[in-house]
$ cat model_34.pdb   # PDB, C-alpha atoms
ATOM      1  CA  MET A 215     -79.562 -56.216  95.897
ATOM      2  CA  SER A 216     -81.930 -55.725  98.871
ATOM      3  CA  GLU A 217     -82.570 -52.300 100.374
ATOM      4  CA  THR A 218     -80.868 -51.184 103.574
ATOM      5  CA  ARG A 219     -83.194 -50.172 106.395
ATOM      6  CA  LEU A 220     -81.960 -48.697 109.675
ATOM      7  CA  ILE A 221     -83.641 -48.149 113.042
ATOM      8  CA  VAL A 222     -81.786 -45.532 115.100
ATOM      9  CA  ASN A 223     -82.850 -46.102 118.707
ATOM     10  CA  ALA A 224     -81.936 -44.104 121.822
ATOM     11  CA  ASP A 225     -81.853 -45.911 125.154
ATOM     12  CA  ASP A 226     -82.523 -44.397 128.604
ATOM     13  CA  PHE A 227     -85.531 -42.204 127.749
ATOM     14  CA  GLY A 228     -86.828 -40.977 131.100
ATOM     15  CA  LEU A 229     -83.580 -41.475 133.013
ATOM     16  CA  SER A 230     -83.204 -37.689 133.354
ATOM     17  CA  ARG A 231     -84.767 -34.575 131.855
ATOM     18  CA  GLY A 232     -81.575 -33.750 129.991
ATOM     19  CA  ILE A 233     -81.447 -37.196 128.419
ATOM     20  CA  SER A 234     -85.130 -37.138 127.448
ATOM     21  CA  ASP A 235     -84.915 -33.623 125.998
ATOM     22  CA  GLY A 236     -81.759 -34.568 124.089
ATOM     23  CA  ILE A 237     -83.473 -37.625 122.622
ATOM     24  CA  LEU A 238     -86.421 -35.542 121.456
ATOM     25  CA  ARG A 239     -84.070 -32.959 119.915
ATOM     26  CA  ALA A 240     -82.265 -35.760 118.046
ATOM     27  CA  HIS A 241     -85.623 -36.949 116.710
ATOM     28  CA  HIS A 242     -86.948 -33.512 115.716
ATOM     29  CA  HIS A 243     -83.749 -32.194 114.162
ATOM     30  CA  GLY A 244     -81.649 -35.286 113.470
ATOM     31  CA  PHE A 245     -82.098 -38.865 112.312
ATOM     32  CA  LEU A 246     -83.240 -40.622 115.493
ATOM     33  CA  THR A 247     -86.335 -42.745 114.820
ATOM     34  CA  SER A 248     -87.048 -44.664 118.052
ATOM     35  CA  THR A 249     -86.406 -44.631 121.781
ATOM     36  CA  SER A 250     -86.834 -46.937 124.794
ATOM     37  CA  LEU A 251     -88.382 -45.678 128.053
ATOM     38  CA  MET A 252     -87.134 -46.505 131.570
ATOM     39  CA  VAL A 253     -90.421 -46.422 133.468
ATOM     40  CA  ASN A 254     -89.114 -46.607 137.052
ATOM     41  CA  MET A 255     -87.079 -43.398 136.904
ATOM     42  CA  PRO A 256     -88.180 -40.094 138.521
ATOM     43  CA  GLU A 257     -88.322 -38.346 135.116
ATOM     44  CA  SER A 258     -90.203 -41.026 133.175
ATOM     45  CA  GLY A 259     -93.438 -39.041 133.498
ATOM     46  CA  HIS A 260     -91.746 -35.949 132.055
ATOM     47  CA  ALA A 261     -90.542 -38.025 129.125
ATOM     48  CA  LEU A 262     -94.040 -39.242 128.297
ATOM     49  CA  ASP A 263     -95.453 -35.746 128.664
ATOM     50  CA  ARG A 264     -93.002 -34.510 126.022
ATOM     51  CA  VAL A 265     -93.777 -37.345 123.587
ATOM     52  CA  SER A 266     -96.917 -35.512 122.473
ATOM     53  CA  THR A 267     -94.604 -33.246 120.469
ATOM     54  CA  ALA A 268     -93.109 -36.210 118.583
ATOM     55  CA  ALA A 269     -95.938 -38.082 116.881
ATOM     56  CA  ARG A 270     -93.621 -40.071 114.600
ATOM     57  CA  LEU A 271     -91.257 -41.246 117.339
ATOM     58  CA  SER A 272     -91.510 -44.971 118.082
ATOM     59  CA  VAL A 273     -91.487 -45.427 121.872
ATOM     60  CA  GLY A 274     -90.644 -48.822 123.334
ATOM     61  CA  ILE A 275     -89.733 -49.971 126.822
ATOM     62  CA  HIS A 276     -86.249 -50.214 128.311
ATOM     63  CA  LEU A 277     -86.875 -52.916 130.918
ATOM     64  CA  ASN A 278     -84.750 -52.264 133.969
ATOM     65  CA  ILE A 279     -83.739 -54.588 136.809
ATOM     66  CA  CYS A 280     -80.446 -52.979 137.841
ATOM     67  CA  LYS A 281     -81.086 -49.297 138.635
ATOM     68  CA  GLY A 282     -83.453 -47.627 141.072
ATOM     69  CA  LYS A 283     -86.447 -49.278 142.680
ATOM     70  CA  PRO A 284     -88.926 -51.697 141.112
ATOM     71  CA  ILE A 285     -92.503 -50.946 140.091
ATOM     72  CA  LEU A 286     -93.773 -53.845 142.199
ATOM     73  CA  PRO A 287     -93.482 -53.876 146.017
ATOM     74  CA  PRO A 288     -90.028 -55.298 146.823
ATOM     75  CA  ARG A 289     -91.551 -58.053 148.966
ATOM     76  CA  ASN A 290     -93.215 -59.455 145.821
ATOM     77  CA  ILE A 291     -89.906 -59.879 143.955
ATOM     78  CA  PRO A 292     -87.349 -60.663 146.689
ATOM     79  CA  THR A 293     -84.642 -62.113 144.415
ATOM     80  CA  LEU A 294     -84.331 -58.856 142.453
ATOM     81  CA  VAL A 295     -83.751 -56.406 145.293
ATOM     82  CA  ASP A 296     -81.429 -55.652 148.188
ATOM     83  CA  THR A 297     -82.412 -55.155 151.834
ATOM     84  CA  GLY A 298     -83.367 -51.541 151.079
ATOM     85  CA  GLY A 299     -85.798 -52.554 148.351
ATOM     86  CA  ALA A 300     -83.685 -51.289 145.430
ATOM     87  CA  PHE A 301     -82.451 -53.298 142.477
ATOM     88  CA  HIS A 302     -78.973 -54.770 142.782
ATOM     89  CA  PRO A 303     -76.410 -52.727 140.779
ATOM     90  CA  PRO A 304     -75.464 -53.983 137.296
ATOM     91  CA  ALA A 305     -72.331 -55.961 138.159
ATOM     92  CA  MET A 306     -74.035 -57.719 141.064
ATOM     93  CA  MET A 307     -77.193 -58.440 139.066
ATOM     94  CA  ILE A 308     -75.164 -59.893 136.196
ATOM     95  CA  GLY A 309     -73.415 -62.178 138.664
ATOM     96  CA  LYS A 310     -76.747 -63.310 140.118
ATOM     97  CA  LEU A 311     -78.091 -63.992 136.613
ATOM     98  CA  TRP A 312     -75.047 -66.077 135.703
ATOM     99  CA  ARG A 313     -75.457 -68.110 138.917
ATOM    100  CA  TRP A 314     -79.219 -68.509 138.383
ATOM    101  CA  GLN A 315     -79.880 -66.810 141.720
ATOM    102  CA  VAL A 316     -82.763 -64.752 140.320
ATOM    103  CA  SER A 317     -86.289 -66.143 140.180
ATOM    104  CA  ALA A 318     -87.762 -66.317 136.683
ATOM    105  CA  ARG A 319     -91.144 -65.693 138.273
ATOM    106  CA  ASP A 320     -89.887 -62.486 139.909
ATOM    107  CA  LEU A 321     -88.415 -61.346 136.601
ATOM    108  CA  GLU A 322     -91.592 -61.960 134.633
ATOM    109  CA  ARG A 323     -93.699 -60.207 137.259
ATOM    110  CA  GLU A 324     -91.520 -57.090 137.278
ATOM    111  CA  PHE A 325     -91.178 -57.010 133.487
ATOM    112  CA  ARG A 326     -94.948 -57.141 133.128
ATOM    113  CA  ALA A 327     -95.443 -54.502 135.821
ATOM    114  CA  GLN A 328     -93.116 -52.117 133.983
ATOM    115  CA  ILE A 329     -94.921 -52.707 130.693
ATOM    116  CA  ARG A 330     -98.281 -52.173 132.370
ATOM    117  CA  TRP A 331     -97.047 -48.942 133.975
ATOM    118  CA  MET A 332     -96.540 -47.583 130.467
ATOM    119  CA  LYS A 333     -99.855 -48.937 129.208
ATOM    120  CA  MET A 334    -101.767 -47.421 132.124
ATOM    121  CA  ARG A 335    -100.493 -44.018 131.015
ATOM    122  CA  GLY A 336    -101.863 -44.540 127.531
ATOM    123  CA  PHE A 337     -98.804 -45.852 125.677
ATOM    124  CA  ASN A 338     -98.440 -49.308 124.185
ATOM    125  CA  PRO A 339     -94.691 -50.009 123.754
ATOM    126  CA  THR A 340     -93.698 -50.499 120.120
ATOM    127  CA  HIS A 341     -90.739 -52.680 121.124
ATOM    128  CA  ALA A 342     -88.733 -53.921 124.096
ATOM    129  CA  ASP A 343     -85.098 -54.129 125.136
ATOM    130  CA  SER A 344     -83.394 -53.797 128.530
ATOM    131  CA  HIS A 345     -80.920 -51.736 130.516
ATOM    132  CA  HIS A 346     -77.441 -53.270 130.232
ATOM    133  CA  HIS A 347     -78.975 -56.029 128.049
ATOM    134  CA  MET A 348     -80.057 -57.978 131.137
ATOM    135  CA  HIS A 349     -82.829 -59.761 129.227
ATOM    136  CA  ILE A 350     -80.433 -61.784 127.073
ATOM    137  CA  TYR A 351     -78.792 -63.655 129.960
ATOM    138  CA  PRO A 352     -79.962 -67.298 130.074
ATOM    139  CA  ALA A 353     -81.656 -66.871 133.456
ATOM    140  CA  ALA A 354     -83.731 -63.935 132.163
ATOM    141  CA  ALA A 355     -84.444 -64.727 128.507
ATOM    142  CA  THR A 356     -87.463 -66.972 129.043
ATOM    143  CA  ALA A 357     -89.065 -64.561 131.522
ATOM    144  CA  PHE A 358     -88.512 -61.735 129.024
ATOM    145  CA  MET A 359     -90.147 -63.732 126.237
ATOM    146  CA  ARG A 360     -93.128 -64.709 128.393
ATOM    147  CA  ALA A 361     -93.705 -61.165 129.634
ATOM    148  CA  LEU A 362     -93.680 -59.714 126.122
ATOM    149  CA  SER A 363     -95.957 -62.423 124.784
ATOM    150  CA  ALA A 364     -98.446 -61.893 127.612
ATOM    151  CA  GLU A 365     -98.452 -58.116 127.109
ATOM    152  CA  GLY A 366     -98.697 -58.220 123.312
ATOM    153  CA  ILE A 367     -95.330 -56.666 122.435
ATOM    154  CA  ARG A 368     -94.269 -57.895 118.998
ATOM    155  CA  CYS A 369     -90.853 -56.291 118.415
ATOM    156  CA  VAL A 370     -87.561 -56.772 120.256
ATOM    157  CA  ARG A 371     -84.001 -55.585 119.913
ATOM    158  CA  ALA A 372     -81.921 -58.074 117.946
ATOM    159  CA  PRO A 373     -79.545 -59.967 120.274
ATOM    160  CA  ARG A 374     -77.128 -60.526 117.382
ATOM    161  CA  CYS A 375     -74.408 -57.848 116.999
ATOM    162  CA  SER A 376     -72.354 -57.104 113.893
ATOM    163  CA  ALA A 377     -69.837 -54.444 112.865
ATOM    164  CA  TRP A 378     -69.249 -52.693 109.541
ATOM    165  CA  PRO A 379     -66.894 -52.328 107.861
ATOM    166  CA  LYS A 380     -65.819 -55.866 108.634
ATOM    167  CA  ALA A 381     -62.601 -55.899 110.617
ATOM    168  CA  GLY A 382     -61.926 -59.573 110.023
ATOM    169  CA  ASN A 383     -61.999 -60.457 113.718
ATOM    170  CA  LEU A 384     -63.624 -63.768 114.558
ATOM    171  CA  GLY A 385     -66.442 -63.445 117.059
ATOM    172  CA  GLY A 386     -67.618 -60.064 115.858
ATOM    173  CA  PRO A 387     -67.404 -56.784 117.797
ATOM    174  CA  HIS A 388     -67.681 -58.304 121.270
ATOM    175  CA  GLU A 389     -65.260 -57.666 124.123
ATOM    176  CA  GLY A 390     -62.546 -60.043 125.297
ATOM    177  CA  GLY A 391     -60.427 -62.794 123.798
ATOM    178  CA  ILE A 392     -61.252 -64.980 120.830
ATOM    179  CA  ILE A 393     -62.924 -67.764 122.862
ATOM    180  CA  ARG A 394     -65.225 -65.322 124.655
ATOM    181  CA  ARG A 395     -66.078 -63.454 121.441
ATOM    182  CA  LEU A 396     -66.962 -66.669 119.619
ATOM    183  CA  PHE A 397     -69.100 -67.862 122.535
ATOM    184  CA  VAL A 398     -70.981 -64.558 122.849
ATOM    185  CA  HIS A 399     -71.537 -64.311 119.099
ATOM    186  CA  GLY A 400     -72.821 -67.889 118.924
ATOM    187  CA  TYR A 401     -75.085 -67.507 121.935
ATOM    188  CA  ARG A 402     -76.621 -64.233 120.753
ATOM    189  CA  SER A 403     -77.261 -65.621 117.270
ATOM    190  CA  ALA A 404     -78.820 -68.767 118.721
ATOM    191  CA  LEU A 405     -81.061 -66.711 121.012
ATOM    192  CA  GLN A 406     -82.304 -64.675 118.057
ATOM    193  CA  ASN A 407     -82.981 -67.785 115.992
ATOM    194  CA  THR A 408     -84.708 -69.807 118.730
ATOM    195  CA  LEU A 409     -86.348 -68.309 121.802
ATOM    196  CA  LEU A 410     -86.924 -64.847 120.313
ATOM    197  CA  ARG A 411     -87.694 -65.874 116.745
ATOM    198  CA  LYS A 412     -91.445 -65.375 117.277
ATOM    199  CA  PHE A 413     -90.832 -61.629 117.648
ATOM    200  CA  HIS A 414     -90.015 -59.096 114.953
ATOM    201  CA  SER A 415     -86.485 -57.748 115.116
ATOM    202  CA  ALA A 416     -83.764 -56.319 112.920
ATOM    203  CA  ASP A 417     -81.385 -58.738 111.221
ATOM    204  CA  SER A 418     -78.657 -57.508 113.555
ATOM    205  CA  ARG A 419     -77.773 -54.682 115.899
ATOM    206  CA  VAL A 420     -74.944 -52.570 114.534
ATOM    207  CA  SER A 421     -72.054 -52.292 116.962
ATOM    208  CA  LEU A 422     -68.698 -50.574 116.683
ATOM    209  CA  SER A 423     -65.502 -52.555 117.120
ATOM    210  CA  GLN A 424     -63.729 -52.539 120.493
ATOM    211  CA  GLN A 425     -61.164 -50.051 119.193
ATOM    212  CA  ALA A 426     -63.773 -47.721 117.698
ATOM    213  CA  ARG A 427     -65.911 -47.703 120.843
ATOM    214  CA  ARG A 428     -62.974 -46.355 122.843
ATOM    215  CA  ASP A 429     -61.877 -43.821 120.214
ATOM    216  CA  SER A 430     -63.943 -40.773 121.128
ATOM    217  CA  THR A 431     -61.677 -38.494 119.110
ATOM    218  CA  ASN A 432     -62.636 -40.202 115.864
ATOM    219  CA  LEU A 433     -66.159 -41.327 116.744
ATOM    220  CA  LYS A 434     -67.670 -39.338 113.883
ATOM    221  CA  SER A 435     -65.505 -41.067 111.288
ATOM    222  CA  HIS A 436     -66.377 -44.467 112.803
ATOM    223  CA  TRP A 437     -70.098 -43.714 112.545
ATOM    224  CA  MET A 438     -69.672 -42.531 108.968
ATOM    225  CA  ALA A 439     -67.703 -45.644 107.981
ATOM    226  CA  THR A 440     -70.412 -47.809 109.539
ATOM    227  CA  PHE A 441     -73.215 -46.178 107.564
ATOM    228  CA  GLU A 442     -71.195 -46.190 104.335
ATOM    229  CA  ASN A 443     -70.606 -49.944 104.593
ATOM    230  CA  LEU A 444     -73.981 -51.272 105.739
ATOM    231  CA  PRO A 445     -75.148 -54.112 103.463
ATOM    232  CA  GLY A 446     -78.713 -54.817 102.429
ATOM    233  CA  GLY A 447     -81.075 -55.794 105.241
ATOM    234  CA  THR A 448     -82.656 -54.313 108.357
ATOM    235  CA  PHE A 449     -80.456 -53.133 111.217
ATOM    236  CA  GLU A 450     -80.680 -51.291 114.525
ATOM    237  CA  PHE A 451     -78.156 -48.700 115.639
ATOM    238  CA  ALA A 452     -78.465 -48.132 119.402
ATOM    239  CA  CYS A 453     -77.188 -44.922 120.971
ATOM    240  CA  HIS A 454     -77.342 -42.882 124.197
ATOM    241  CA  PRO A 455     -77.743 -39.173 123.383
ATOM    242  CA  GLY A 456     -78.467 -36.562 126.022
ATOM    243  CA  LEU A 457     -78.092 -32.947 127.064
ATOM    244  CA  PRO A 458     -75.991 -31.991 130.095
ATOM    245  CA  GLU A 459     -78.042 -31.539 133.254
ATOM    246  CA  ARG A 460     -76.815 -30.042 136.499
ATOM    247  CA  GLY A 461     -77.307 -32.454 139.381
ATOM    248  CA  PHE A 462     -77.290 -35.503 137.100
ATOM    249  CA  SER A 463     -74.416 -35.306 134.630
ATOM    250  CA  GLU A 464     -71.845 -34.987 137.417
ATOM    251  CA  THR A 465     -72.520 -38.600 138.461
ATOM    252  CA  ASP A 466     -73.325 -40.033 135.031
ATOM    253  CA  ALA A 467     -70.364 -42.129 133.870
ATOM    254  CA  ILE A 468     -71.151 -41.615 130.161
ATOM    255  CA  HIS A 469     -72.341 -37.992 130.138
ATOM    256  CA  LEU A 470     -69.608 -36.931 127.687
ATOM    257  CA  GLN A 471     -70.522 -39.790 125.364
ATOM    258  CA  ARG A 472     -74.178 -38.722 125.500
ATOM    259  CA  GLU A 473     -73.331 -35.151 124.502
ATOM    260  CA  GLN A 474     -71.045 -36.314 121.678
ATOM    261  CA  GLU A 475     -73.618 -38.744 120.296
ATOM    262  CA  LEU A 476     -76.283 -36.028 120.345
ATOM    263  CA  ARG A 477     -74.013 -33.791 118.273
ATOM    264  CA  LEU A 478     -73.514 -36.602 115.752
ATOM    265  CA  LEU A 479     -77.237 -37.305 115.499
ATOM    266  CA  LEU A 480     -77.766 -33.624 114.654
ATOM    267  CA  ASP A 481     -74.798 -33.388 112.273
ATOM    268  CA  PRO A 482     -75.932 -32.520 108.695
ATOM    269  CA  GLU A 483     -72.844 -34.248 107.292
ATOM    270  CA  MET A 484     -73.841 -37.474 109.023
ATOM    271  CA  GLN A 485     -77.350 -37.196 107.637
ATOM    272  CA  GLY A 486     -75.851 -36.665 104.198
ATOM    273  CA  VAL A 487     -73.861 -39.898 104.469
ATOM    274  CA  ILE A 488     -77.036 -41.807 105.326
ATOM    275  CA  SER A 489     -78.830 -40.310 102.352
ATOM    276  CA  ARG A 490     -75.982 -40.951  99.887
ATOM    277  CA  SER A 491     -75.649 -44.524 101.121
ATOM    278  CA  GLY A 492     -79.268 -45.204 100.218
ATOM    279  CA  ILE A 493     -80.244 -46.044 103.792
ATOM    280  CA  GLN A 494     -83.965 -45.950 104.548
ATOM    281  CA  LEU A 495     -84.539 -44.733 108.085
ATOM    282  CA  ILE A 496     -87.388 -46.575 109.800
ATOM    283  CA  SER A 497     -88.718 -47.083 113.314
ATOM    284  CA  TYR A 498     -89.828 -50.241 115.076
ATOM    285  CA  ARG A 499     -93.333 -49.472 113.906
ATOM    286  CA  GLU A 500     -92.337 -50.280 110.318
ATOM    287  CA  LEU A 501     -91.169 -53.772 111.276
ATOM    288  CA  VAL A 502     -94.798 -54.884 111.483
ATOM    289  CA  ALA A 503     -97.826 -54.033 109.400
ATOM    290  CA  ALA A 504    -100.009 -51.303 110.846
ATOM    291  CA  PRO A 505    -102.902 -52.930 112.714
ATOM    292  CA  GLN A 506    -105.415 -50.572 111.163
ATOM    293  CA  LEU A 507    -105.553 -47.771 108.625
ATOM    294  CA  SER A 508    -107.511 -44.591 109.025
ATOM    295  CA  GLU A 509    -109.114 -42.744 106.125
ATOM    296  CA  GLU A 510    -106.040 -40.505 106.062
ATOM    297  CA  GLY A 511    -103.559 -43.401 105.823
ATOM    298  CA  PRO A 512    -101.254 -45.171 108.262
ATOM    299  CA  ASP A 513    -101.330 -44.307 111.938
ATOM    300  CA  HIS A 514     -98.059 -42.567 112.873
ATOM    301  CA  SER A 515     -98.820 -42.163 116.573
ATOM    302  CA  VAL A 516     -96.574 -43.532 119.307
ATOM    303  CA  CYS A 517     -99.049 -46.374 119.720
ATOM    304  CA  LYS A 518    -101.135 -44.538 122.284
ATOM    305  CA  VAL A 519    -103.831 -46.718 123.750
ATOM    306  CA  ALA A 520    -107.385 -45.484 123.537
TER     307      ALA A 520
END
$ encode --input "model_34.pdb" --output "structure tokens"
Amino acid sequence: MSETRLIVNADDFGLSRGISDGILRAHHHGFLTSTSLMVNMPESGHALDRVSTAARLSVGIHLNICKGKPILPPRNIPTLVDTGGAFHPPAMMIGKLWRWQVSARDLEREFRAQIRWMKMRGFNPTHADSHHHMHIYPAAATAFMRALSAEGIRCVRAPRCSAWPKAGNLGGPHEGGIIRRLFVHGYRSALQNTLLRKFHSADSRVSLSQQARRDSTNLKSHWMATFENLPGGTFEFACHPGLPERGFSETDAIHLQREQELRLLLDPEMQGVISRSGIQLISYRELVAAPQLSEEGPDHSVCKVA
């Protein structure tokens, strides 16, 4: 029987100070192994400043085309922005992606600019994913692949989603009716096995069932059941922890979820379940061989560029 390896990755690093500080607390005192940085947020610089205290944290990039303003001048990427120069909100951007109303060239340019923003500050992203999973839509997937290839990023979040324990529902843990779930499951699996196969990724991203995702009262038991039932292989568990922050949390639609997930990531009982289940916690760095070894052994930095 193969070993079970698990990447526990927090999205939205840099979105606010409370979120960034919560992510670092979950890494220092819990079982969080990786995070993904939103580089175009006002607090992204604060997030990178704090990373120096977390040498073993794997820091990737959370590519963002649906919140805030772009890194590039808006005139250079006109299909991605509104008349005020800001990204279109998520629902509108998803609609534009489905209708192929977004330029692949604009997408690739902005993706590369965001990656380079991080590199220019001395950090080479260990992996890439995107805010609201925008990169997996057909109109964006090729631009995502080209940008990562050009910038030398070797690891990506697995498009494929699975749930454990198995609920027996066809189409996996996706939202909607059976036809939609089957389509989404098939498309995500195909994307992982074709366009993105050149990159390193987990076998699947672990996702809770529709019912479990909405059951905040019993979220702890759902997490525990997931970890107790993981099969052999390599998986990613994505989460959104954060601390409350005055001036931000009041308008954050998932601020209560962030606080609850942070508590679970720090919960000793949860860590005990992971240990008893024989799960090996890894980061995205362990998905690929270290490029070089020092005299003291493997490099456990956050891939800081010299």
$ closest_atom_pairs --input "model_34.pdb" --of "stretch 449-512 of chain A" --to "stretch 431-442 of chain A" --cutoff "12 Å" --atoms "all atoms listed in the file" --output "Markdown table"
| residue | atom | partner | partner_atom | distance |
| --- | --- | --- | --- | --- |
| A:Phe449 | CA | A:Phe441 | CA | 10.7 |
| A:Glu450 | CA | A:Phe441 | CA | 11.4 |
| A:Phe451 | CA | A:Phe441 | CA | 9.8 |
| A:Ala452 | CA | A:Trp437 | CA | 11.7 |
| A:Cys453 | CA | A:Trp437 | CA | 11.1 |
| A:Leu470 | CA | A:Thr431 | CA | 11.8 |
| A:Gln471 | CA | A:Leu433 | CA | 9.8 |
| A:Gln474 | CA | A:Leu433 | CA | 8.6 |
| A:Glu475 | CA | A:Leu433 | CA | 8.7 |
| A:Leu476 | CA | A:Lys434 | CA | 11.3 |
| A:Arg477 | CA | A:Lys434 | CA | 9.5 |
| A:Leu478 | CA | A:Lys434 | CA | 6.7 |
| A:Leu479 | CA | A:Lys434 | CA | 9.9 |
| A:Leu480 | CA | A:Lys434 | CA | 11.6 |
| A:Asp481 | CA | A:Lys434 | CA | 9.4 |
| A:Pro482 | CA | A:Met438 | CA | 11.8 |
| A:Glu483 | CA | A:Met438 | CA | 9.0 |
| A:Met484 | CA | A:Met438 | CA | 6.6 |
| A:Gln485 | CA | A:Met438 | CA | 9.4 |
| A:Gly486 | CA | A:Met438 | CA | 9.8 |
| A:Val487 | CA | A:Met438 | CA | 6.7 |
| A:Ile488 | CA | A:Phe441 | CA | 6.2 |
| A:Ser489 | CA | A:Phe441 | CA | 9.7 |
| A:Arg490 | CA | A:Glu442 | CA | 8.4 |
| A:Ser491 | CA | A:Glu442 | CA | 5.7 |
| A:Gly492 | CA | A:Glu442 | CA | 9.1 |
| A:Ile493 | CA | A:Phe441 | CA | 8.0 |
| A:Gln494 | CA | A:Phe441 | CA | 11.2 |
| A:Leu495 | CA | A:Phe441 | CA | 11.4 |
$ atom_distance --input "model_34.pdb" --atom1 "atom CA of A:Leu251" --atom2 "atom CA of A:Gly228"
5.8 Å
$ residues_around --input "model_34.pdb" --residues "stretch 383-389 of chain A" --least-positions-apart "5" --cutoff "12 Å" --atoms "all atoms listed in the file" --output "list in words"
Arg374, Cys375, Ser376, Ala377, Trp378, Arg394, Arg395, Leu396, Phe397, Val398, His399, Gly400, Tyr401, Arg402, Ser403, Ser418, Arg419, Val420, Ser421, Leu422, Ser423, Gln424, Gln425, Ala426, Arg427 and Arg428 of chain A
$ atom_distance --input "model_34.pdb" --atom1 "atom CA of A:Lys310" --atom2 "atom CA of A:Gly391"
23.1 Å
$ axis_aligned_box --input "model_34.pdb" --around "stretch 340-348 of chain A" --padding-each-side "4 Å" --output "lines of an AutoDock Vina configuration file"
center_x = -85.6
center_y = -54.2
center_z = 125.6
size_x = 24.3
size_y = 15.5
size_z = 19.0
$ resolve_selection --input "model_34.pdb" --expression "the PyMOL selection byres ((chain A and resi 259-273) around 10)" --output "number ranges by chain"
A: 221, 223-224, 227-235, 237-239, 241-242, 246-258, 274-276, 332, 335-342, 496-500, 513-518
$ write_last_selection --input "model_34.pdb" --atoms "C-alpha atoms" --output "PDB file, keeping the file's coordinate frame"
ATOM      1  CA  ILE A 221     -83.641 -48.149 113.042  1.00  0.00           C
ATOM      2  CA  ASN A 223     -82.850 -46.102 118.707  1.00  0.00           C
ATOM      3  CA  ALA A 224     -81.936 -44.104 121.822  1.00  0.00           C
ATOM      4  CA  PHE A 227     -85.531 -42.204 127.749  1.00  0.00           C
ATOM      5  CA  GLY A 228     -86.828 -40.977 131.100  1.00  0.00           C
ATOM      6  CA  LEU A 229     -83.580 -41.475 133.013  1.00  0.00           C
ATOM      7  CA  SER A 230     -83.204 -37.689 133.354  1.00  0.00           C
ATOM      8  CA  ARG A 231     -84.767 -34.575 131.855  1.00  0.00           C
ATOM      9  CA  GLY A 232     -81.575 -33.750 129.991  1.00  0.00           C
ATOM     10  CA  ILE A 233     -81.447 -37.196 128.419  1.00  0.00           C
ATOM     11  CA  SER A 234     -85.130 -37.138 127.448  1.00  0.00           C
ATOM     12  CA  ASP A 235     -84.915 -33.623 125.998  1.00  0.00           C
ATOM     13  CA  ILE A 237     -83.473 -37.625 122.622  1.00  0.00           C
ATOM     14  CA  LEU A 238     -86.421 -35.542 121.456  1.00  0.00           C
ATOM     15  CA  ARG A 239     -84.070 -32.959 119.915  1.00  0.00           C
ATOM     16  CA  HIS A 241     -85.623 -36.949 116.710  1.00  0.00           C
ATOM     17  CA  HIS A 242     -86.948 -33.512 115.716  1.00  0.00           C
ATOM     18  CA  LEU A 246     -83.240 -40.622 115.493  1.00  0.00           C
ATOM     19  CA  THR A 247     -86.335 -42.745 114.820  1.00  0.00           C
ATOM     20  CA  SER A 248     -87.048 -44.664 118.052  1.00  0.00           C
ATOM     21  CA  THR A 249     -86.406 -44.631 121.781  1.00  0.00           C
ATOM     22  CA  SER A 250     -86.834 -46.937 124.794  1.00  0.00           C
ATOM     23  CA  LEU A 251     -88.382 -45.678 128.053  1.00  0.00           C
ATOM     24  CA  MET A 252     -87.134 -46.505 131.570  1.00  0.00           C
ATOM     25  CA  VAL A 253     -90.421 -46.422 133.468  1.00  0.00           C
ATOM     26  CA  ASN A 254     -89.114 -46.607 137.052  1.00  0.00           C
ATOM     27  CA  MET A 255     -87.079 -43.398 136.904  1.00  0.00           C
ATOM     28  CA  PRO A 256     -88.180 -40.094 138.521  1.00  0.00           C
ATOM     29  CA  GLU A 257     -88.322 -38.346 135.116  1.00  0.00           C
ATOM     30  CA  SER A 258     -90.203 -41.026 133.175  1.00  0.00           C
ATOM     31  CA  GLY A 274     -90.644 -48.822 123.334  1.00  0.00           C
ATOM     32  CA  ILE A 275     -89.733 -49.971 126.822  1.00  0.00           C
ATOM     33  CA  HIS A 276     -86.249 -50.214 128.311  1.00  0.00           C
ATOM     34  CA  MET A 332     -96.540 -47.583 130.467  1.00  0.00           C
ATOM     35  CA  ARG A 335    -100.493 -44.018 131.015  1.00  0.00           C
ATOM     36  CA  GLY A 336    -101.863 -44.540 127.531  1.00  0.00           C
ATOM     37  CA  PHE A 337     -98.804 -45.852 125.677  1.00  0.00           C
ATOM     38  CA  ASN A 338     -98.440 -49.308 124.185  1.00  0.00           C
ATOM     39  CA  PRO A 339     -94.691 -50.009 123.754  1.00  0.00           C
ATOM     40  CA  THR A 340     -93.698 -50.499 120.120  1.00  0.00           C
ATOM     41  CA  HIS A 341     -90.739 -52.680 121.124  1.00  0.00           C
ATOM     42  CA  ALA A 342     -88.733 -53.921 124.096  1.00  0.00           C
ATOM     43  CA  ILE A 496     -87.388 -46.575 109.800  1.00  0.00           C
ATOM     44  CA  SER A 497     -88.718 -47.083 113.314  1.00  0.00           C
ATOM     45  CA  TYR A 498     -89.828 -50.241 115.076  1.00  0.00           C
ATOM     46  CA  ARG A 499     -93.333 -49.472 113.906  1.00  0.00           C
ATOM     47  CA  GLU A 500     -92.337 -50.280 110.318  1.00  0.00           C
ATOM     48  CA  ASP A 513    -101.330 -44.307 111.938  1.00  0.00           C
ATOM     49  CA  HIS A 514     -98.059 -42.567 112.873  1.00  0.00           C
ATOM     50  CA  SER A 515     -98.820 -42.163 116.573  1.00  0.00           C
ATOM     51  CA  VAL A 516     -96.574 -43.532 119.307  1.00  0.00           C
ATOM     52  CA  CYS A 517     -99.049 -46.374 119.720  1.00  0.00           C
ATOM     53  CA  LYS A 518    -101.135 -44.538 122.284  1.00  0.00           C
TER      54      LYS A 518
END
$ resolve_selection --input "model_34.pdb" --expression "the PyMOL selection byres ((chain A and resi 458) around 9)" --output "ChimeraX atom specification"
/A:232-233,236,456-457,459-460,462-464,469-470,472-473
$ decode --input "model_34.pdb" --residues "stretch 348-353 of chain A" --atoms "C-alpha atoms" --output "CSV table (one decimal), in the first residue's frame"
chain,number,residue,atom,x,y,z
A,348,MET,CA,-10.1,31.3,-12.8
A,349,HIS,CA,-7.2,29.5,-14.5
A,350,ILE,CA,-9.1,26.3,-15.1
A,351,TYR,CA,-11.7,27.9,-17.4
A,352,PRO,CA,-11.1,26.9,-21.1
A,353,ALA,CA,-10.4,30.5,-22.1
